[in-house]
>>> print(open('input38.txt').read())   # compact mmCIF, C-alpha atoms
# COMPACT_ATOMS: atom_id res chain seq x y z
CA MET A 1 -9.62 14.20 -18.71
CA SER A 2 -6.55 12.13 -19.53
CA GLY A 3 -7.47 8.61 -20.63
CA PHE A 4 -6.32 5.28 -19.24
CA SER A 5 -5.35 2.32 -21.36
CA PRO A 6 -7.51 -0.84 -21.34
CA GLU A 7 -4.34 -2.76 -20.41
CA TRP A 8 -3.83 -0.72 -17.23
CA LEU A 9 -7.48 -1.09 -16.26
CA GLN A 10 -7.30 -4.85 -16.80
CA LEU A 11 -4.15 -5.10 -14.67
CA ARG A 12 -5.71 -3.28 -11.73
CA GLU A 13 -9.18 -4.86 -11.84
CA PRO A 14 -8.54 -7.86 -9.54
CA VAL A 15 -7.01 -5.58 -6.90
CA ASP A 16 -9.82 -3.06 -7.29
CA HIS A 17 -12.44 -5.73 -6.71
CA ARG A 18 -10.84 -7.33 -3.67
CA SER A 19 -10.12 -3.92 -2.09
CA ARG A 20 -13.74 -2.71 -1.96
CA ASP A 21 -15.19 -2.25 1.50
CA SER A 22 -17.44 -5.28 2.04
CA GLU A 23 -19.61 -3.67 4.73
CA LEU A 24 -20.42 -0.73 2.47
CA ALA A 25 -21.22 -3.11 -0.41
CA ALA A 26 -23.58 -4.98 1.94
CA ALA A 27 -25.21 -1.66 2.88
CA LEU A 28 -25.76 -0.91 -0.81
CA GLU A 29 -27.29 -4.36 -1.26
CA GLY A 30 -29.65 -3.76 1.63
CA ALA A 31 -30.67 -0.34 0.33
CA MET A 32 -31.49 -1.72 -3.13
CA ALA A 33 -33.17 -4.94 -1.94
CA GLY A 34 -36.80 -5.52 -2.83
CA ARG A 35 -36.70 -3.68 -6.15
CA ALA A 36 -37.89 -5.62 -9.19
CA ASN A 37 -35.54 -3.72 -11.48
CA ILE A 38 -32.91 -1.04 -11.01
CA GLU A 39 -31.60 1.67 -13.35
CA ILE A 40 -27.88 2.38 -12.88
CA VAL A 41 -25.64 5.01 -14.48
CA ASP A 42 -21.89 4.32 -14.26
CA LEU A 43 -19.81 7.47 -14.75
CA GLY A 44 -16.31 7.18 -16.24
CA CYS A 45 -16.96 3.49 -16.79
CA GLY A 46 -13.62 2.64 -18.39
CA ALA A 47 -13.66 -1.01 -19.46
CA GLY A 48 -16.67 -1.91 -17.31
CA SER A 49 -14.87 -3.03 -14.15
CA ASN A 50 -17.29 -1.22 -11.83
CA LEU A 51 -20.26 -3.07 -13.28
CA ARG A 52 -18.47 -6.38 -12.77
CA GLY A 53 -17.62 -5.44 -9.20
CA THR A 54 -21.08 -4.13 -8.26
CA PHE A 55 -23.71 -6.20 -10.07
CA SER A 56 -23.80 -9.03 -7.50
CA HIS A 57 -25.06 -6.58 -4.83
CA LEU A 58 -28.03 -5.41 -6.92
CA PRO A 59 -31.43 -6.92 -7.83
CA ASP A 60 -31.75 -9.68 -10.40
CA GLN A 61 -32.97 -7.32 -13.14
CA GLN A 62 -30.56 -4.46 -13.85
CA SER A 63 -30.42 -1.76 -16.54
CA TRP A 64 -26.99 -0.16 -16.86
CA THR A 65 -25.86 2.89 -18.81
CA LEU A 66 -22.07 2.97 -19.06
CA VAL A 67 -20.73 6.47 -19.70
CA ASP A 68 -17.25 7.42 -20.82
CA TYR A 69 -15.69 10.02 -23.10
CA ASP A 70 -13.13 7.63 -24.60
CA PRO A 71 -14.64 5.48 -27.39
CA ARG A 72 -11.77 2.99 -27.03
CA LEU A 73 -12.82 2.28 -23.47
CA LEU A 74 -16.48 1.93 -24.40
CA ASP A 75 -15.46 -0.60 -27.06
CA ALA A 76 -13.27 -2.38 -24.49
CA ALA A 77 -16.16 -2.46 -22.02
CA ARG A 78 -18.46 -4.05 -24.58
CA THR A 79 -15.88 -6.65 -25.60
CA THR A 80 -14.91 -7.50 -22.02
CA LEU A 81 -18.50 -7.79 -20.84
CA ILE A 82 -19.34 -10.16 -23.68
CA ALA A 83 -16.40 -12.39 -22.73
CA TRP A 84 -17.36 -12.22 -19.03
CA ALA A 85 -21.06 -13.03 -19.46
CA ASP A 86 -22.53 -16.50 -19.04
CA ARG A 87 -24.75 -15.66 -22.00
CA HIS A 88 -25.24 -12.51 -24.04
CA GLU A 89 -27.30 -10.96 -26.81
CA LEU A 90 -26.23 -7.90 -28.78
CA ASP A 91 -28.95 -5.84 -30.46
CA GLY A 92 -27.57 -2.64 -31.90
CA ASP A 93 -26.25 -0.56 -28.99
CA ARG A 94 -27.98 -2.69 -26.35
CA LEU A 95 -26.11 -5.61 -24.80
CA THR A 96 -28.11 -8.08 -22.71
CA ILE A 97 -26.11 -10.22 -20.30
CA GLU A 98 -26.96 -13.17 -18.12
CA LYS A 99 -24.47 -13.61 -15.29
CA SER A 100 -24.74 -15.65 -12.09
CA GLY A 101 -28.53 -15.73 -12.25
CA LYS A 102 -28.90 -12.00 -12.91
CA ARG A 103 -30.01 -10.32 -16.13
CA LEU A 104 -28.33 -7.07 -17.12
CA SER A 105 -29.33 -4.75 -19.94
CA VAL A 106 -26.36 -2.54 -20.85
CA ARG A 107 -26.21 0.59 -22.98
CA PHE A 108 -23.07 2.57 -23.82
CA ARG A 109 -23.10 6.36 -23.88
CA ARG A 110 -20.24 8.60 -24.96
CA ALA A 111 -20.36 11.93 -23.13
CA ASP A 112 -18.11 14.67 -21.80
CA LEU A 113 -19.14 14.60 -18.16
CA ASN A 114 -17.92 18.14 -17.55
CA THR A 115 -20.19 19.66 -20.19
CA GLU A 116 -22.88 16.98 -20.70
CA LEU A 117 -23.58 15.84 -17.16
CA GLU A 118 -27.37 16.06 -17.40
CA ARG A 119 -27.44 14.00 -20.60
CA ALA A 120 -25.02 11.49 -19.11
CA LEU A 121 -27.23 10.93 -16.06
CA GLY A 122 -30.48 10.57 -17.97
CA ASP A 123 -33.91 11.20 -16.51
CA ALA A 124 -34.43 8.90 -13.54
CA PRO A 125 -31.60 6.59 -12.46
CA ASP A 126 -32.08 4.71 -9.21
CA LEU A 127 -28.33 4.56 -8.62
CA VAL A 128 -25.40 6.66 -9.84
CA THR A 129 -22.05 4.97 -9.44
CA ALA A 130 -18.38 5.31 -10.36
CA ALA A 131 -14.98 3.88 -9.46
CA ALA A 132 -11.57 5.49 -9.03
CA PHE A 133 -12.89 8.71 -10.53
CA PHE A 134 -13.67 11.63 -8.25
CA ASP A 135 -10.10 12.41 -7.15
CA LEU A 136 -9.58 13.40 -10.81
CA THR A 137 -12.48 15.86 -10.78
CA SER A 138 -12.85 19.28 -9.19
CA ALA A 139 -14.80 20.35 -6.12
CA ASP A 140 -16.96 22.40 -8.49
CA PHE A 141 -17.78 19.34 -10.59
CA ILE A 142 -18.53 17.27 -7.49
CA GLY A 143 -20.92 19.98 -6.33
CA ARG A 144 -22.72 20.00 -9.68
CA LEU A 145 -22.87 16.22 -9.72
CA VAL A 146 -24.35 16.05 -6.22
CA LEU A 147 -27.02 18.59 -7.10
CA ALA A 148 -27.92 16.65 -10.25
CA VAL A 149 -28.07 13.34 -8.36
CA SER A 150 -30.13 14.85 -5.53
CA ARG A 151 -32.65 16.37 -7.96
CA ARG A 152 -33.26 12.84 -9.23
CA ARG A 153 -33.40 11.44 -5.67
CA ALA A 154 -30.99 8.74 -6.80
CA ALA A 155 -28.73 6.75 -4.53
CA PHE A 156 -24.99 7.23 -5.01
CA TYR A 157 -22.18 4.71 -4.64
CA THR A 158 -18.54 5.23 -5.55
CA VAL A 159 -15.50 3.13 -4.74
CA LEU A 160 -11.74 3.55 -4.69
CA THR A 161 -11.49 7.32 -4.42
CA TYR A 162 -7.85 8.10 -3.61
CA ASN A 163 -7.53 9.60 -0.11
CA GLY A 164 -3.83 10.53 0.14
CA ASP A 165 -2.45 7.57 2.08
CA GLN A 166 0.48 5.91 0.37
CA THR A 167 3.38 3.82 1.63
CA TRP A 168 6.11 1.87 -0.12
CA THR A 169 8.21 -1.10 0.99
CA PRO A 170 11.12 -0.79 1.35
CA TRP A 171 11.04 2.78 2.67
CA HIS A 172 13.15 5.42 0.89
CA GLN A 173 14.24 8.76 2.32
CA SER A 174 12.56 10.60 -0.57
CA ASP A 175 9.15 8.94 -0.14
CA ARG A 176 7.57 11.94 1.57
CA ARG A 177 9.08 14.44 -0.86
CA LEU A 178 7.75 12.55 -3.87
CA LEU A 179 4.36 12.07 -2.22
CA ASN A 180 4.02 15.82 -1.66
CA ALA A 181 4.92 16.42 -5.30
CA PHE A 182 2.48 13.72 -6.42
CA HIS A 183 -0.30 15.41 -4.49
CA ASP A 184 0.57 18.72 -6.13
CA HIS A 185 0.18 16.95 -9.47
CA GLN A 186 -3.10 15.40 -8.30
CA HIS A 187 -4.54 18.87 -7.79
CA GLY A 188 -3.83 19.82 -11.40
CA ASP A 189 -6.58 20.20 -13.99
CA LYS A 190 -7.63 16.80 -15.40
CA GLY A 191 -10.38 18.32 -17.53
CA PHE A 192 -12.77 19.42 -14.78
CA GLY A 193 -10.83 22.33 -13.30
CA PRO A 194 -8.38 22.07 -10.37
CA ALA A 195 -8.76 18.49 -9.18
CA ALA A 196 -9.85 17.59 -5.65
CA GLY A 197 -7.16 14.91 -5.52
CA PRO A 198 -6.88 13.27 -2.09
CA THR A 199 -9.49 15.62 -0.60
CA ALA A 200 -12.20 14.18 -2.89
CA PRO A 201 -13.75 11.81 -0.29
CA VAL A 202 -14.20 14.70 2.15
CA VAL A 203 -15.65 16.94 -0.57
CA LEU A 204 -18.08 14.22 -1.66
CA ALA A 205 -19.28 13.52 1.87
CA ALA A 206 -19.80 17.20 2.70
CA ALA A 207 -21.69 17.88 -0.53
CA PHE A 208 -24.08 14.96 -0.06
CA GLN A 209 -24.66 15.81 3.58
CA ALA A 210 -25.54 19.36 2.53
CA ALA A 211 -28.00 17.84 0.04
CA GLU A 212 -29.68 15.98 2.94
CA TYR A 213 -28.31 12.55 2.14
CA VAL A 214 -27.16 10.00 4.68
CA VAL A 215 -23.49 9.31 3.95
CA HIS A 216 -21.62 6.10 4.78
CA GLU A 217 -17.91 5.59 4.14
CA GLY A 218 -15.51 2.66 4.18
CA ASP A 219 -11.81 2.09 3.60
CA SER A 220 -10.72 0.31 0.43
CA PRO A 221 -6.91 0.43 0.36
CA TRP A 222 -4.85 -1.37 -2.23
CA ARG A 223 -2.51 -3.71 -0.34
CA LEU A 224 0.01 -4.92 -2.88
CA ASP A 225 2.70 -7.53 -2.29
CA VAL A 226 5.27 -9.47 -4.29
CA GLY A 227 2.53 -11.28 -6.20
CA GLU A 228 1.63 -7.99 -7.89
CA ALA A 229 5.12 -7.03 -9.00
CA GLN A 230 3.99 -5.66 -12.36
CA LEU A 231 1.30 -3.51 -10.80
CA ILE A 232 3.72 -2.22 -8.14
CA GLY A 233 6.28 -1.40 -10.82
CA ASP A 234 3.79 0.38 -13.07
CA LEU A 235 2.39 2.26 -10.10
CA ALA A 236 5.85 3.40 -8.97
CA THR A 237 6.74 4.53 -12.51
CA GLY A 238 3.54 6.54 -12.86
CA PHE A 239 3.90 7.98 -9.36
CA ALA A 240 7.45 9.16 -10.06
CA ALA A 241 6.53 10.57 -13.47
CA ALA A 242 3.69 12.62 -11.99
CA ALA A 243 5.96 13.92 -9.22
CA GLY A 244 8.58 14.83 -11.80
CA GLU A 245 6.11 16.81 -13.90
CA THR A 246 5.65 19.29 -11.05
CA GLY A 247 9.28 20.39 -11.31
CA THR A 248 9.62 20.31 -7.52
CA VAL A 249 11.76 17.14 -7.39
CA ASN A 250 15.00 16.93 -9.35
CA ALA A 251 15.76 14.16 -11.82
CA THR A 252 18.53 12.66 -9.68
CA THR A 253 16.21 12.18 -6.71
CA ILE A 254 13.56 10.61 -8.93
CA SER A 255 16.10 8.28 -10.54
CA GLU A 256 17.38 7.17 -7.12
CA TRP A 257 13.83 6.58 -5.92
CA LEU A 258 12.99 4.51 -8.99
CA GLY A 259 16.16 2.49 -8.48
CA VAL A 260 14.67 0.80 -5.41
CA ARG A 261 12.97 -2.53 -6.13
CA ARG A 262 9.74 -2.48 -4.18
CA SER A 263 8.19 -5.59 -2.66
CA ALA A 264 4.96 -4.02 -1.38
CA ALA A 265 2.84 -0.89 -1.45
CA VAL A 266 -0.33 0.45 0.16
CA VAL A 267 -2.51 3.03 -1.60
CA GLY A 268 -5.40 4.42 0.43
CA HIS A 269 -8.91 4.77 -0.98
CA THR A 270 -12.35 5.57 0.38
CA ASP A 271 -15.69 4.09 -0.72
CA THR A 272 -18.77 6.32 -0.35
CA LEU A 273 -22.45 5.39 -0.21
CA ALA A 274 -24.94 8.28 -0.08
CA LEU A 275 -28.66 7.60 0.32
CA PRO A 276 -31.44 10.19 0.11
CA LEU A 277 -33.49 10.76 3.21
CA PRO A 278 -37.11 9.57 2.91
CA ALA A 279 -39.41 12.21 1.48
CA LYS A 280 -41.19 14.21 4.17
CA GLY A 281 -44.89 13.46 4.39
>>> encode(input="input38.txt", output="structure tokens")
Amino acid sequence: MSGFSPEWLQLREPVDHRSRDSELAAALEGAMAGRANIEIVDLGCGAGSNLRGTFSHLPDQQSWTLVDYDPRLLDAARTTLIAWADRHELDGDRLTIEKSGKRLSVRFRRADLNTELERALGDAPDLVTAAAFFDLTSADFIGRLVLAVSRRRAAFYTVLTYNGDQTWTPWHQSDRRLLNAFHDHQHGDKGFGPAAGPTAPVVLAAAFQAAEYVVHEGDSPWRLDVGEAQLIGDLATGFAAAAGETGTVNATTISEWLGVRRSAAVVGHTDTLALPLPAKG
């Protein structure tokens, strides 16, 4: 899968955190309440943003395994978490963090999720989580992931899965044409086979329902305004570049589209919480 720079992940983190569906986060908190300790595996962890956005909804004692294929991002996650912590201890590969009254034990695991999924998940996580990830993966991978999670009877929580909604301000006559091309690009192979792209939330929900999980969903759109000019600009540039790579939109149209200075944008996402049904007696 194509990597993302630590700089891009840092730029988007505040928007990612504020965009999460609060009701779904509260449902996660309720589902995990009462546990003395919780084992969490974070897939495609990047620079650790998902941990920072999720930890407050989990019990006071947490054991995290952060998984990514890119060693630069694992290094960035370690460095950023140390700076973020109220207190920390580093013992070999294990980082222990104290933050806002909670104690987190963090390990870092490099793995190719497409070929090493079982190793990445470990033996018995209580919760498998990810952020802004599954639209990059294939329906086949999602199916394999759901089966692996369900065999472990783990809960599942993912946020910010792109769902296809996208609007720009001001409007441009080529918006729809570029969006169609962008979605064609989204369905390209990102290392897991043909990507689910904006259909990923639907694929996730259907797979977990088939595995006899109770599925809850919430909206988590990015709503960007003039205060996020750099993020809007970087997003527009990446959007146009992806559309251009499909060869379905000519360079003149793309140049004209990029020539518009945008003051706002909305990018639709879906958060998904899937909980196993109680074991039958």
>>> closest_residue(input="input38.txt", among="A:Asp16, A:Glu217, A:Glu116, A:Asp189", to="Ser138 of chain A", atoms="all atoms listed in the file")
A:Asp189
>>> closest_atom_pairs(input="input38.txt", of="segment 66-143 of chain A", to="segment 155-177 of chain A", cutoff="8 Å", atoms="only C-alpha atoms", output="CSV")
residue,atom,partner,partner_atom,distance
A:Asp126,CA,A:Ala155,CA,6.1
A:Leu127,CA,A:Ala155,CA,4.7
A:Val128,CA,A:Phe156,CA,4.9
A:Thr129,CA,A:Tyr157,CA,4.8
A:Ala130,CA,A:Thr158,CA,4.8
A:Ala131,CA,A:Val159,CA,4.8
A:Ala132,CA,A:Leu160,CA,4.8
A:Phe133,CA,A:Thr161,CA,6.4
A:Phe134,CA,A:Thr161,CA,6.2
A:Asp135,CA,A:Thr161,CA,5.9
>>> write_last_selection(input="input38.txt", atoms="C-alpha atoms", output="mmCIF file, in the coordinates of the input")
data_model
loop_
_atom_site.group_PDB
_atom_site.id
_atom_site.type_symbol
_atom_site.label_atom_id
_atom_site.label_comp_id
_atom_site.auth_asym_id
_atom_site.auth_seq_id
_atom_site.Cartn_x
_atom_site.Cartn_y
_atom_site.Cartn_z
ATOM 1 C CA ASP A 126 -32.080 4.710 -9.210
ATOM 2 C CA LEU A 127 -28.330 4.560 -8.620
ATOM 3 C CA VAL A 128 -25.400 6.660 -9.840
ATOM 4 C CA THR A 129 -22.050 4.970 -9.440
ATOM 5 C CA ALA A 130 -18.380 5.310 -10.360
ATOM 6 C CA ALA A 131 -14.980 3.880 -9.460
ATOM 7 C CA ALA A 132 -11.570 5.490 -9.030
ATOM 8 C CA PHE A 133 -12.890 8.710 -10.530
ATOM 9 C CA PHE A 134 -13.670 11.630 -8.250
ATOM 10 C CA ASP A 135 -10.100 12.410 -7.150
#
>>> closest_residue(input="input38.txt", among="A:Phe239, A:Phe192, A:Trp64, A:Phe4", to="Leu113 of chain A", atoms="only C-alpha atoms")
A:Phe192
>>> residues_around(input="input38.txt", residues="segment 88-98 of chain A", least_positions_apart="5", cutoff="10 Å", atoms="all atoms listed in the file", output="PDB file with C-alpha atoms, in the frame of the given file")
ATOM      1  CA  ASP A  60     -31.750  -9.680 -10.400  1.00  0.00           C
ATOM      2  CA  GLN A  61     -32.970  -7.320 -13.140  1.00  0.00           C
ATOM      3  CA  GLN A  62     -30.560  -4.460 -13.850  1.00  0.00           C
ATOM      4  CA  SER A  63     -30.420  -1.760 -16.540  1.00  0.00           C
ATOM      5  CA  TRP A  64     -26.990  -0.160 -16.860  1.00  0.00           C
ATOM      6  CA  THR A  65     -25.860   2.890 -18.810  1.00  0.00           C
ATOM      7  CA  ARG A  78     -18.460  -4.050 -24.580  1.00  0.00           C
ATOM      8  CA  LEU A  81     -18.500  -7.790 -20.840  1.00  0.00           C
ATOM      9  CA  ILE A  82     -19.340 -10.160 -23.680  1.00  0.00           C
ATOM     10  CA  ALA A  83     -16.400 -12.390 -22.730  1.00  0.00           C
ATOM     11  CA  ARG A 103     -30.010 -10.320 -16.130  1.00  0.00           C
ATOM     12  CA  LEU A 104     -28.330  -7.070 -17.120  1.00  0.00           C
ATOM     13  CA  SER A 105     -29.330  -4.750 -19.940  1.00  0.00           C
ATOM     14  CA  VAL A 106     -26.360  -2.540 -20.850  1.00  0.00           C
ATOM     15  CA  ARG A 107     -26.210   0.590 -22.980  1.00  0.00           C
ATOM     16  CA  PHE A 108     -23.070   2.570 -23.820  1.00  0.00           C
ATOM     17  CA  ARG A 109     -23.100   6.360 -23.880  1.00  0.00           C
TER      18      ARG A 109
END
>>> atom_distance(input="input38.txt", atom1="atom CA of Ala265 of chain A", atom2="atom CA of Thr80 of chain A")
28.0 Å
>>> residues_around(input="input38.txt", residues="Arg261 of chain A", least_positions_apart="3", cutoff="10 Å", atoms="all atoms listed in the file", output="ChimeraX atom specification")
/A:169-170,229,232-233,236,257-258,264
>>> residues_near_point(input="input38.txt", point="(-19.9, 11.0, -0.7)", cutoff="6 Å", atoms="all atoms listed in the file", output="ChimeraX atom specification")
/A:204-205,208,272,274
>>> atom_distance(input="input38.txt", atom1="atom CA of Glu212 of chain A", atom2="atom CA of Ala31 of chain A")
16.6 Å
>>> atom_distance(input="input38.txt", atom1="atom CA of Val146 of chain A", atom2="atom CA of Glu29 of chain A")
21.2 Å
>>> closest_residue(input="input38.txt", among="A:Asp140, A:Asp21, A:Asp271, A:Asp112", to="Val215 of chain A", atoms="all atoms listed in the file")
A:Asp271
>>> residues_around(input="input38.txt", residues="segment 42-55 of chain A", least_positions_apart="4", cutoff="6 Å", atoms="all atoms listed in the file", output="VMD selection string")
chain A and resid 17 66 to 68 73 76 to 77 129 to 130
>>> closest_residue(input="input38.txt", among="A:Val267, A:Leu178, A:Ala154, A:Leu277", to="Ala251 of chain A", atoms="all atoms listed in the file")
A:Leu178
>>> closest_residue(input="input38.txt", among="A:Ala242, A:Val203, A:Ala124, A:Val249", to="Arg153 of chain A", atoms="all atoms listed in the file")
A:Ala124
>>> closest_residue(input="input38.txt", among="A:Gly227, A:Glu245, A:Arg152, A:Ala207", to="His183 of chain A", atoms="all atoms listed in the file")
A:Glu245
>>> residues_around(input="input38.txt", residues="Ser22 of chain A", least_positions_apart="6", cutoff="10 Å", atoms="only C-alpha atoms", output="list of chain:residue names")
A:Leu28, A:Gly218, A:Asp219, A:Ser220, A:Asp271
>>> write_last_selection(input="input38.txt", atoms="C-alpha atoms", output="PDB file, keeping the file's coordinate frame")
ATOM      1  CA  LEU A  28     -25.760  -0.910  -0.810  1.00  0.00           C
ATOM      2  CA  GLY A 218     -15.510   2.660   4.180  1.00  0.00           C
ATOM      3  CA  ASP A 219     -11.810   2.090   3.600  1.00  0.00           C
ATOM      4  CA  SER A 220     -10.720   0.310   0.430  1.00  0.00           C
ATOM      5  CA  ASP A 271     -15.690   4.090  -0.720  1.00  0.00           C
TER       6      ASP A 271
END
